[in-house]
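Below is target05.cif, which holds mmCIF, C-alpha atoms.
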data_input
loop_
_atom_site.label_atom_id
_atom_site.label_comp_id
_atom_site.auth_asym_id
_atom_site.auth_seq_id
_atom_site.Cartn_x
_atom_site.Cartn_y
_atom_site.Cartn_z
CA THR Z 174 22.53 8.84 4.71
CA MET Z 175 19.95 6.08 4.45
CA ALA Z 176 17.06 6.58 2.04
CA THR Z 177 13.80 4.91 3.00
CA ASN Z 178 10.05 5.15 2.56
CA ALA Z 179 8.69 5.36 6.10
CA ALA Z 180 5.25 3.92 5.34
CA PHE Z 181 6.10 0.24 5.51
CA PRO Z 182 5.67 -1.03 9.09
CA PRO Z 183 7.27 -2.91 10.75
CA TYR Z 184 10.32 -2.31 8.54
CA GLU Z 185 10.13 1.49 8.57
CA TYR Z 186 7.57 3.96 9.88
CA LYS Z 187 7.38 7.13 11.94
CA GLU Z 188 6.09 7.86 15.42
CA GLY Z 189 5.77 11.63 15.42
CA GLU Z 190 9.07 12.81 13.98
CA GLU Z 191 11.02 9.72 15.04
CA PHE Z 192 11.86 6.91 12.63
CA LYS Z 193 11.11 3.39 13.83
CA GLY Z 194 11.24 -0.16 12.50
CA ILE Z 195 13.42 -3.15 11.68
CA ASP Z 196 15.37 -1.42 8.90
CA VAL Z 197 15.94 1.63 11.09
CA GLU Z 198 17.27 -0.55 13.92
CA ILE Z 199 19.60 -2.42 11.56
CA ALA Z 200 20.85 0.80 9.94
CA ALA Z 201 21.53 2.33 13.36
CA ALA Z 202 23.46 -0.76 14.42
CA ILE Z 203 25.51 -0.68 11.21
CA ALA Z 204 26.31 3.01 11.73
CA GLU Z 205 27.37 2.34 15.32
CA TYR Z 206 29.52 -0.61 14.24
CA LEU Z 207 31.23 1.53 11.58
CA ASP Z 208 31.53 4.53 13.95
CA MET Z 209 29.36 6.68 11.70
CA GLU Z 210 26.36 8.92 12.31
CA LEU Z 211 23.08 7.77 10.76
CA GLU Z 212 20.91 10.24 8.87
CA ILE Z 213 17.58 9.13 7.38
CA ALA Z 214 15.83 10.61 4.36
CA ASP Z 215 12.14 9.76 3.92
CA VAL Z 216 11.44 9.71 0.18
CA GLU Z 217 9.13 8.04 -2.31
CA PHE Z 218 9.96 4.36 -2.73
CA GLY Z 219 10.50 4.71 -6.47
CA SER Z 220 13.21 7.36 -6.01
CA ILE Z 221 15.43 5.34 -3.66
CA ILE Z 222 17.39 3.38 -6.28
CA GLY Z 223 18.00 6.47 -8.41
CA GLY Z 224 19.08 8.49 -5.38
CA VAL Z 225 21.55 5.81 -4.30
CA GLN Z 226 22.83 5.41 -7.86
CA SER Z 227 23.46 9.16 -8.21
CA GLY Z 228 25.24 9.40 -4.85
CA LYS Z 229 22.53 11.51 -3.22
CA PHE Z 230 22.10 8.77 -0.61
CA ASP Z 231 24.73 6.36 0.68
CA MET Z 232 22.37 3.42 0.95
CA GLY Z 233 18.71 2.46 0.57
CA MET Z 234 16.72 0.37 3.03
CA ALA Z 235 12.97 -0.01 2.64
CA GLY Z 236 12.15 -3.69 2.80
CA MET Z 237 13.77 -3.73 -0.63
CA THR Z 238 13.90 -6.89 -2.69
CA VAL Z 239 16.91 -7.86 -4.76
CA THR Z 240 15.84 -8.05 -8.42
CA GLU Z 241 17.75 -8.37 -11.68
CA ASP Z 242 16.52 -4.96 -12.85
CA ARG Z 243 17.69 -3.23 -9.67
CA LEU Z 244 21.05 -5.01 -9.84
CA GLN Z 245 21.68 -3.26 -13.15
CA ASN Z 246 21.74 0.08 -11.28
CA VAL Z 247 23.03 -0.66 -7.78
CA ASN Z 248 24.77 -3.32 -5.73
CA PHE Z 249 23.09 -5.09 -2.83
CA SER Z 250 24.44 -6.20 0.51
CA SER Z 251 24.07 -9.67 1.94
CA THR Z 252 20.45 -10.62 2.59
CA TYR Z 253 19.26 -9.68 6.07
CA ALA Z 254 15.62 -10.89 5.92
CA THR Z 255 13.23 -12.96 3.84
CA GLY Z 256 9.98 -11.30 2.81
CA VAL Z 257 6.68 -12.78 1.69
CA GLN Z 258 4.23 -11.09 -0.67
CA VAL Z 259 0.60 -11.79 0.21
CA VAL Z 260 -2.84 -10.72 -1.02
CA ILE Z 261 -5.30 -8.62 0.99
CA VAL Z 262 -8.99 -9.01 0.09
CA LYS Z 263 -12.39 -8.19 1.50
CA GLU Z 264 -13.81 -10.92 3.72
CA ASP Z 265 -16.93 -11.07 1.52
CA GLY Z 266 -15.25 -10.00 -1.71
CA ALA Z 267 -14.99 -11.67 -5.11
CA VAL Z 268 -11.40 -12.81 -4.51
CA GLN Z 269 -11.13 -15.64 -1.98
CA SER Z 270 -8.14 -17.51 -3.43
CA LEU Z 271 -5.21 -16.84 -5.74
CA ASP Z 272 -7.18 -18.51 -8.54
CA ASP Z 273 -9.82 -15.77 -8.27
CA MET Z 274 -7.35 -13.01 -9.22
CA GLU Z 275 -7.75 -13.51 -12.95
CA GLY Z 276 -9.84 -10.73 -14.52
CA VAL Z 277 -10.02 -8.45 -11.47
CA LYS Z 278 -8.37 -5.12 -10.64
CA ILE Z 279 -5.29 -5.50 -8.46
CA GLY Z 280 -3.91 -2.73 -6.25
CA VAL Z 281 -0.18 -2.39 -5.53
CA GLN Z 282 2.29 0.15 -4.18
CA GLN Z 283 4.07 1.90 -7.02
CA ASP Z 284 7.53 0.59 -7.99
CA THR Z 285 7.50 -2.28 -5.49
CA THR Z 286 8.14 -5.88 -6.52
CA GLY Z 287 4.41 -6.51 -6.11
CA HIS Z 288 3.88 -3.89 -8.81
CA ILE Z 289 6.63 -5.30 -11.02
CA TYR Z 290 5.58 -8.94 -10.77
CA ALA Z 291 1.83 -8.37 -11.01
CA SER Z 292 2.20 -6.12 -14.09
CA ASP Z 293 4.20 -8.74 -15.97
CA THR Z 294 2.61 -10.89 -18.64
CA PRO Z 295 0.59 -13.99 -17.72
CA GLU Z 296 3.28 -16.08 -19.40
CA LYS Z 297 5.73 -14.80 -16.77
CA GLY Z 298 3.37 -15.23 -13.83
CA GLY Z 299 1.80 -11.76 -13.85
CA TYR Z 300 -1.65 -10.42 -14.70
CA GLY Z 301 -0.76 -7.75 -17.27
CA GLU Z 302 -0.45 -3.99 -16.91
CA ASP Z 303 -4.14 -3.37 -17.59
CA ALA Z 304 -5.13 -5.40 -14.52
CA VAL Z 305 -2.90 -3.50 -12.10
CA ILE Z 306 -3.43 -0.08 -10.51
CA ALA Z 307 -0.36 1.40 -8.77
CA TYR Z 308 -0.72 3.72 -5.77
CA LYS Z 309 1.80 5.98 -4.08
CA THR Z 310 1.63 4.06 -0.79
CA GLY Z 311 0.38 0.72 0.45
CA ALA Z 312 -2.19 2.57 2.54
CA ASP Z 313 -3.61 4.19 -0.61
CA ALA Z 314 -3.88 0.78 -2.26
CA VAL Z 315 -5.74 -0.63 0.75
CA GLN Z 316 -8.10 2.35 0.75
CA ALA Z 317 -8.85 1.61 -2.91
CA LEU Z 318 -9.75 -1.95 -1.89
CA ILE Z 319 -12.09 -0.67 0.83
CA THR Z 320 -13.86 1.61 -1.67
CA ASP Z 321 -14.10 -1.17 -4.32
CA LYS Z 322 -11.75 0.48 -6.81
CA VAL Z 323 -9.70 -2.73 -6.75
CA GLN Z 324 -10.64 -6.26 -5.64
CA CYS Z 325 -7.33 -7.17 -3.96
CA VAL Z 326 -3.98 -5.73 -2.92
CA ILE Z 327 -0.57 -7.40 -3.27
CA ILE Z 328 1.86 -6.32 -0.55
CA ASP Z 329 4.44 -7.61 1.92
CA ASN Z 330 2.99 -9.74 4.71
CA GLU Z 331 4.11 -7.55 7.61
CA PRO Z 332 2.43 -4.28 6.54
CA ALA Z 333 -0.49 -6.41 5.29
CA LYS Z 334 -1.13 -7.57 8.85
CA ALA Z 335 -1.09 -4.00 10.12
CA PHE Z 336 -3.53 -2.85 7.42
CA VAL Z 337 -5.92 -5.75 8.08
CA GLU Z 338 -5.83 -5.14 11.82
CA ALA Z 339 -6.67 -1.47 11.28
CA ASN Z 340 -9.50 -2.05 8.78
CA LYS Z 341 -12.44 -4.24 9.71
CA GLY Z 342 -13.71 -6.49 6.94
CA LEU Z 343 -10.34 -7.21 5.34
CA LYS Z 344 -8.29 -10.40 5.49
CA ILE Z 345 -5.11 -11.93 4.07
CA LEU Z 346 -5.46 -14.91 1.78
CA ASP Z 347 -4.03 -18.06 3.30
CA ALA Z 348 -1.42 -18.47 0.58
CA THR Z 349 1.98 -16.96 -0.23
CA TRP Z 350 2.00 -15.07 -3.52
CA VAL Z 351 5.78 -14.78 -3.77
CA GLU Z 352 8.84 -15.07 -1.48
CA GLU Z 353 11.79 -12.71 -1.77
CA GLU Z 354 15.00 -11.55 -0.08
CA TYR Z 355 15.61 -8.10 1.42
CA ALA Z 356 18.99 -6.38 1.23
CA ILE Z 357 20.60 -2.93 1.35
CA ALA Z 358 21.08 -0.95 -1.89
CA ILE Z 359 24.49 0.68 -2.38
CA ALA Z 360 25.97 2.55 -5.37
CA LYS Z 361 27.98 0.30 -7.70
CA GLU Z 362 31.12 2.41 -7.42
CA ASN Z 363 30.98 2.49 -3.61
CA THR Z 364 32.50 -0.95 -3.11
CA GLU Z 365 34.23 0.18 0.08
CA LEU Z 366 30.90 0.87 1.79
CA LEU Z 367 29.46 -2.39 0.46
CA GLU Z 368 32.32 -4.34 2.04
CA LYS Z 369 31.96 -2.48 5.34
CA ILE Z 370 28.20 -3.07 5.49
CA ASN Z 371 28.57 -6.75 4.68
CA GLY Z 372 31.24 -6.96 7.34
CA ALA Z 373 28.88 -5.38 9.85
CA LEU Z 374 26.06 -7.75 8.93
CA ASP Z 375 28.39 -10.74 9.12
CA ALA Z 376 29.61 -9.60 12.54
CA GLY Z 377 26.21 -10.30 14.08
CA LEU Z 378 24.98 -6.87 15.08
CA GLU Z 379 23.14 -6.47 18.38
CA VAL Z 380 19.95 -5.09 16.93
CA GLY Z 381 17.03 -4.93 19.32
CA VAL Z 382 13.65 -5.18 17.63
CA TYR Z 383 10.91 -4.38 20.10
CA PHE Z 384 7.57 -6.15 20.35
CA TYR Z 385 5.33 -4.39 22.89
CA SER Z 386 2.59 -6.61 24.23
CA GLN Z 387 -0.69 -5.42 25.70
CA ALA Z 388 -1.72 -8.88 26.83
CA ILE Z 389 -3.86 -8.88 29.97
CA THR Z 390 -3.37 -12.48 31.06
CA THR Z 391 -0.44 -14.85 31.05
CA GLU Z 392 -2.23 -17.07 28.52
CA GLU Z 393 -2.64 -14.16 26.09
CA ALA Z 394 1.01 -13.18 26.50
CA ILE Z 395 2.18 -16.73 25.77
CA GLU Z 396 -0.08 -16.93 22.70
CA GLU Z 397 1.26 -13.62 21.41
CA ALA Z 398 4.86 -14.60 22.15
CA ASN Z 399 4.42 -17.83 20.21
CA PHE Z 400 3.09 -15.81 17.26
CA VAL Z 401 6.15 -13.55 17.38
CA MET Z 402 8.42 -16.58 17.30
CA GLU Z 403 6.52 -17.99 14.32
CA GLN Z 404 7.26 -14.76 12.44
CA VAL Z 405 10.92 -14.87 13.49
CA GLN Z 406 11.24 -18.40 12.15
CA ARG Z 407 9.08 -17.86 9.05
CA TYR Z 408 11.06 -14.85 7.86
CA ASP Z 409 14.42 -16.23 8.93
CA ILE Z 410 15.06 -13.26 11.22
CA THR Z 411 18.50 -13.63 12.76
CA PHE Z 412 18.81 -10.48 14.83
CA PRO Z 413 18.00 -10.42 18.57
CA ILE Z 414 14.56 -9.61 19.93
CA VAL Z 415 13.35 -7.53 22.85
CA TYR Z 416 9.91 -8.50 24.08
CA ASP Z 417 8.29 -6.03 26.49
CA TRP Z 418 5.33 -7.42 28.38
CA GLU Z 419 3.21 -5.47 30.83
CA ILE Z 420 0.48 -7.41 32.64
CA THR Z 421 -2.29 -5.66 34.52
CA GLU Z 422 -4.54 -7.79 36.72
CA ALA Z 423 -6.78 -6.13 39.33
CA ASP Z 424 -4.61 -3.70 41.30
CA ASN Z 425 -1.38 -5.51 40.52
CA ALA Z 426 0.87 -4.58 37.65
CA ARG Z 427 4.27 -5.85 36.73
CA THR Z 428 6.55 -5.38 33.80
CA SER Z 429 8.76 -8.16 32.46
CA ASN Z 430 11.53 -6.99 30.15
CA ILE Z 431 13.25 -9.78 28.29
CA ALA Z 432 16.70 -8.56 27.24
CA PRO Z 433 17.92 -9.16 23.68
CA TYR Z 434 18.25 -12.84 22.86
CA THR Z 435 19.29 -14.87 19.89
CA VAL Z 436 16.43 -16.62 18.11
CA THR Z 437 16.98 -19.86 20.05
CA GLU Z 438 17.31 -18.10 23.40
CA CYS Z 439 14.29 -15.97 22.60
CA ALA Z 440 12.14 -19.06 22.00
CA ALA Z 441 13.27 -20.53 25.31
CA ALA Z 442 12.52 -17.28 27.12
CA PHE Z 443 9.03 -17.14 25.66
CA CYS Z 444 8.36 -20.72 26.74
CA ASP Z 445 9.49 -19.87 30.26
CA THR Z 446 7.11 -16.90 30.26
#
Just dump the structure as structure tokens.
Amino acid sequence: TMATNAAFPPYEYKEGEEFKGIDVEIAAAIAEYLDMELEIADVEFGSIIGGVQSGKFDMGMAGMTVTEDRLQNVNFSSTYATGVQVVIVKEDGAVQSLDDMEGVKIGVQQDTTGHIYASDTPEKGGYGEDAVIAYKTGADAVQALITDKVQCVIIDNEPAKAFVEANKGLKILDATWVEEEYAIAIAKENTELLEKINGALDAGLEVGVYFYSQAITTEEAIEEANFVMEQVQRYDITFPIVYDWEITEADNARTSNIAPYTVTECAAAFCDT
């Protein structure tokens, strides 16, 4: 059983009753490689480590960063992705750079590394507990920003992009707040599973992450494909990509399905497109 918090696109989210996302794809590939059946439990982010530690869940995947505090309670697999924490602000708000974050209210998702780091003392790079308001989900934190309860939100770059796209008037500061590594949480005593999961990751799983394009013209599709490749390279994504592109021009429509590629092959395929 994999514990996750399915409110963190593109790593994990739900479409109806179906789980989707990068972590879900990787977990499914690991289960297939190990000849196991994957079950997913959608729980609060803050309960994942405790649930794995107690044996309630076999592993935890939720865009989870490896930290010293978490390592005291669970083991982590090899890193499978690099994450970047960024800051969401209002386009016309008081915070327009990282330097403006002193003395303002900062929204975070409860128990995430954004919460942990931001709540730390200024001497350790944080802003202090009094400056930080923790919300149950990233979406709640963003809503607090929209309604002026906080002046910025610290969150992973990928969900940040989704929140900004969905809410007019928001933007992401053009600066990285912190970089971190994502891995799979496993109970300390379950060393057998840890070895198996690391073996699966090292084996180069054929995980297909799907990017569905709604580009109308070839130029738009190429621009979008280049953006996807920038993200692949920026976050050191090493699993294959599936890029589905449907172009509609006048009465003609065609669909181009690019099969899973390695990062290098994927870049070449996009250029050919």
Excluding Val326 (chain Z) and residues on its chain fewer than 6 positions from it, collect all residues at most 6 Å away from it, counting all atoms listed in the file, and give them as a list in words.
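Residues near the query, excluding close chain neighbours: Val260, Ile261, Ile279, Gly280 and Val281 of chain Z.
If you measure from each of Z:Ile222, Z:Val216, Z:Leu346, Z:Met232 to Asp273 (chain Z) using all atoms listed in the file, the closest one turns out to be Z:Leu346.
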CA of Met175 (chain Z) to CA of Ala254 (chain Z): how many Å, to one decimal?
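Answer for the CA of Met175 (chain Z) to CA of Ala254 (chain Z) separation: 17.6 Å.
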Report the residues retrieved by the PyMOL selection byres ((chain Z and resi 356-361) around 6) from the displayed file, expressed as a ChimeraX atom specification.
/Z:225-226,232-234,247-250,252-253,355,362-363
Surrounding residues of Gln316 (chain Z) excluding itself and chain neighbours under 3 positions, 12 Å, only C-alpha atoms, as a compact mmCIF listing (two decimals) with C-alpha atoms, in the frame of the given file:
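New file out15.txt:
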# COMPACT_ATOMS: atom_id res chain seq x y z
CA ILE Z 261 -5.30 -8.62 0.99
CA VAL Z 262 -8.99 -9.01 0.09
CA LYS Z 263 -12.39 -8.19 1.50
CA GLY Z 280 -3.91 -2.73 -6.25
CA VAL Z 281 -0.18 -2.39 -5.53
CA GLN Z 282 2.29 0.15 -4.18
CA TYR Z 308 -0.72 3.72 -5.77
CA LYS Z 309 1.80 5.98 -4.08
CA THR Z 310 1.63 4.06 -0.79
CA GLY Z 311 0.38 0.72 0.45
CA ALA Z 312 -2.19 2.57 2.54
CA ASP Z 313 -3.61 4.19 -0.61
CA ILE Z 319 -12.09 -0.67 0.83
CA THR Z 320 -13.86 1.61 -1.67
CA ASP Z 321 -14.10 -1.17 -4.32
CA LYS Z 322 -11.75 0.48 -6.81
CA VAL Z 323 -9.70 -2.73 -6.75
CA GLN Z 324 -10.64 -6.26 -5.64
CA CYS Z 325 -7.33 -7.17 -3.96
CA VAL Z 326 -3.98 -5.73 -2.92
CA PHE Z 336 -3.53 -2.85 7.42
CA VAL Z 337 -5.92 -5.75 8.08
CA ALA Z 339 -6.67 -1.47 11.28
CA ASN Z 340 -9.50 -2.05 8.78
CA LYS Z 341 -12.44 -4.24 9.71
CA LEU Z 343 -10.34 -7.21 5.34
For Thr364 (chain Z), which of Z:Tyr206, Z:Phe192, Z:Asp231, Z:Lys187 is the closest residue, counting all atoms listed in the file?
Z:Asp231
Atom-to-atom span, CA of Lys229 (chain Z) and CA of Glu368 (chain Z), Å:
19.4 Å
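For the set Z:Ala201, Z:Ile327, Z:Val257, Z:Leu374, the residue with the smallest atom-to-atom gap to Thr349 (chain Z) is Z:Val257, counting only C-alpha atoms.
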Å distance separating CA of Ala348 (chain Z) from CA of Ile289 (chain Z), one decimal place
19.3 Å
Using all atoms listed in the file, which protein or nucleic acid residues come within 10 Å of Ile203 (chain Z)? Drop anything in the same chain fewer than 3 positions from it, and give the result as a short mmCIF file (atom, residue, chain, number, x, y, z; two decimals) with C-alpha atoms, keeping the file's coordinate frame.
data_model
loop_
_atom_site.label_atom_id
_atom_site.label_comp_id
_atom_site.auth_asym_id
_atom_site.auth_seq_id
_atom_site.Cartn_x
_atom_site.Cartn_y
_atom_site.Cartn_z
CA VAL Z 197 15.94 1.63 11.09
CA GLU Z 198 17.27 -0.55 13.92
CA ILE Z 199 19.60 -2.42 11.56
CA ALA Z 200 20.85 0.80 9.94
CA TYR Z 206 29.52 -0.61 14.24
CA LEU Z 207 31.23 1.53 11.58
CA ASP Z 208 31.53 4.53 13.95
CA MET Z 209 29.36 6.68 11.70
CA GLU Z 210 26.36 8.92 12.31
CA LEU Z 211 23.08 7.77 10.76
CA LYS Z 369 31.96 -2.48 5.34
CA ILE Z 370 28.20 -3.07 5.49
CA ASN Z 371 28.57 -6.75 4.68
CA GLY Z 372 31.24 -6.96 7.34
CA ALA Z 373 28.88 -5.38 9.85
CA LEU Z 374 26.06 -7.75 8.93
CA ALA Z 376 29.61 -9.60 12.54
CA LEU Z 378 24.98 -6.87 15.08
CA GLU Z 379 23.14 -6.47 18.38
CA VAL Z 380 19.95 -5.09 16.93
#
At a cut-off of 6 Å around the point (15.3, 3.7, -0.2) (file coordinates), what residues fall inside when counting only C-alpha atoms? I'd like the answer as a list in words.
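Residues close enough to count: Ala176, Thr177, Phe218, Ile221, Gly233, Met234 and Ala235 of chain Z.
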If we count all atoms listed in the file and set the cut-off at 12 Å, which residues sit around Trp350 (chain Z), ignoring sequence neighbours fewer than 2 positions away in its own chain? Please answer as a PyMOL selection string.
chain Z and resi 256-261+270-272+274+286-287+290-291+298-299+326-330+345-348+352-353
Pick out the closest residue to Glu354 (chain Z) from this set: Z:Thr240, Z:Thr294, Z:Asn246, Z:Gln269. Count all atoms listed in the file.
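Between Z:Thr240, Z:Thr294, Z:Asn246, Z:Gln269, the residue approaching Glu354 (chain Z) most closely is Z:Thr240.
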Among listed residues Z:Thr285, Z:Gly224, Z:Tyr300, Z:Glu212, nearest Thr238 (chain Z) (using all atoms listed in the file)
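The answer is Z:Thr285, which sits nearest to Thr238 (chain Z).
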Please output region 263-276 of chain Z, rebuilt to include N, CA, C and O atoms, as a PDB file, in the coordinates of the input.
ATOM      1  N   LYS Z 263     -11.242  -8.355   0.615  1.00  0.00           N
ATOM      2  CA  LYS Z 263     -12.390  -8.190   1.500  1.00  0.00           C
ATOM      3  C   LYS Z 263     -12.886  -9.563   1.952  1.00  0.00           C
ATOM      4  O   LYS Z 263     -12.849 -10.521   1.174  1.00  0.00           O
ATOM      5  N   GLU Z 264     -13.336  -9.640   3.193  1.00  0.00           N
ATOM      6  CA  GLU Z 264     -13.810 -10.920   3.720  1.00  0.00           C
ATOM      7  C   GLU Z 264     -14.947 -11.493   2.887  1.00  0.00           C
ATOM      8  O   GLU Z 264     -15.065 -12.707   2.721  1.00  0.00           O
ATOM      9  N   ASP Z 265     -15.799 -10.617   2.331  1.00  0.00           N
ATOM     10  CA  ASP Z 265     -16.930 -11.070   1.520  1.00  0.00           C
ATOM     11  C   ASP Z 265     -16.771 -10.684   0.054  1.00  0.00           C
ATOM     12  O   ASP Z 265     -17.746 -10.590  -0.690  1.00  0.00           O
ATOM     13  N   GLY Z 266     -15.503 -10.473  -0.357  1.00  0.00           N
ATOM     14  CA  GLY Z 266     -15.250 -10.000  -1.710  1.00  0.00           C
ATOM     15  C   GLY Z 266     -15.203 -11.115  -2.747  1.00  0.00           C
ATOM     16  O   GLY Z 266     -15.322 -12.305  -2.428  1.00  0.00           O
ATOM     17  N   ALA Z 267     -14.995 -10.716  -3.990  1.00  0.00           N
ATOM     18  CA  ALA Z 267     -14.990 -11.670  -5.110  1.00  0.00           C
ATOM     19  C   ALA Z 267     -13.748 -12.550  -5.108  1.00  0.00           C
ATOM     20  O   ALA Z 267     -13.773 -13.659  -5.634  1.00  0.00           O
ATOM     21  N   VAL Z 268     -12.656 -12.050  -4.531  1.00  0.00           N
ATOM     22  CA  VAL Z 268     -11.400 -12.810  -4.510  1.00  0.00           C
ATOM     23  C   VAL Z 268     -11.263 -13.520  -3.165  1.00  0.00           C
ATOM     24  O   VAL Z 268     -11.164 -12.883  -2.115  1.00  0.00           O
ATOM     25  N   GLN Z 269     -11.277 -14.849  -3.200  1.00  0.00           N
ATOM     26  CA  GLN Z 269     -11.130 -15.640  -1.980  1.00  0.00           C
ATOM     27  C   GLN Z 269     -10.002 -16.661  -2.099  1.00  0.00           C
ATOM     28  O   GLN Z 269      -9.757 -17.439  -1.180  1.00  0.00           O
ATOM     29  N   SER Z 270      -9.308 -16.658  -3.233  1.00  0.00           N
ATOM     30  CA  SER Z 270      -8.140 -17.510  -3.430  1.00  0.00           C
ATOM     31  C   SER Z 270      -7.294 -16.891  -4.533  1.00  0.00           C
ATOM     32  O   SER Z 270      -7.759 -15.995  -5.267  1.00  0.00           O
ATOM     33  N   LEU Z 271      -6.068 -17.359  -4.676  1.00  0.00           N
ATOM     34  CA  LEU Z 271      -5.210 -16.840  -5.740  1.00  0.00           C
ATOM     35  C   LEU Z 271      -5.795 -17.099  -7.114  1.00  0.00           C
ATOM     36  O   LEU Z 271      -5.597 -16.317  -8.048  1.00  0.00           O
ATOM     37  N   ASP Z 272      -6.565 -18.174  -7.250  1.00  0.00           N
ATOM     38  CA  ASP Z 272      -7.180 -18.510  -8.540  1.00  0.00           C
ATOM     39  C   ASP Z 272      -8.231 -17.493  -8.959  1.00  0.00           C
ATOM     40  O   ASP Z 272      -8.562 -17.377 -10.143  1.00  0.00           O
ATOM     41  N   ASP Z 273      -8.776 -16.749  -7.975  1.00  0.00           N
ATOM     42  CA  ASP Z 273      -9.820 -15.770  -8.270  1.00  0.00           C
ATOM     43  C   ASP Z 273      -9.260 -14.441  -8.787  1.00  0.00           C
ATOM     44  O   ASP Z 273     -10.042 -13.533  -9.105  1.00  0.00           O
ATOM     45  N   MET Z 274      -7.948 -14.300  -8.874  1.00  0.00           N
ATOM     46  CA  MET Z 274      -7.350 -13.010  -9.220  1.00  0.00           C
ATOM     47  C   MET Z 274      -7.334 -12.734 -10.724  1.00  0.00           C
ATOM     48  O   MET Z 274      -7.017 -11.631 -11.149  1.00  0.00           O
ATOM     49  N   GLU Z 275      -7.658 -13.719 -11.511  1.00  0.00           N
ATOM     50  CA  GLU Z 275      -7.750 -13.510 -12.950  1.00  0.00           C
ATOM     51  C   GLU Z 275      -8.959 -12.629 -13.278  1.00  0.00           C
ATOM     52  O   GLU Z 275     -10.073 -12.884 -12.809  1.00  0.00           O
ATOM     53  N   GLY Z 276      -8.733 -11.565 -14.053  1.00  0.00           N
ATOM     54  CA  GLY Z 276      -9.840 -10.730 -14.520  1.00  0.00           C
ATOM     55  C   GLY Z 276     -10.327  -9.700 -13.528  1.00  0.00           C
ATOM     56  O   GLY Z 276     -11.377  -9.093 -13.764  1.00  0.00           O
TER      57      GLY Z 276
END
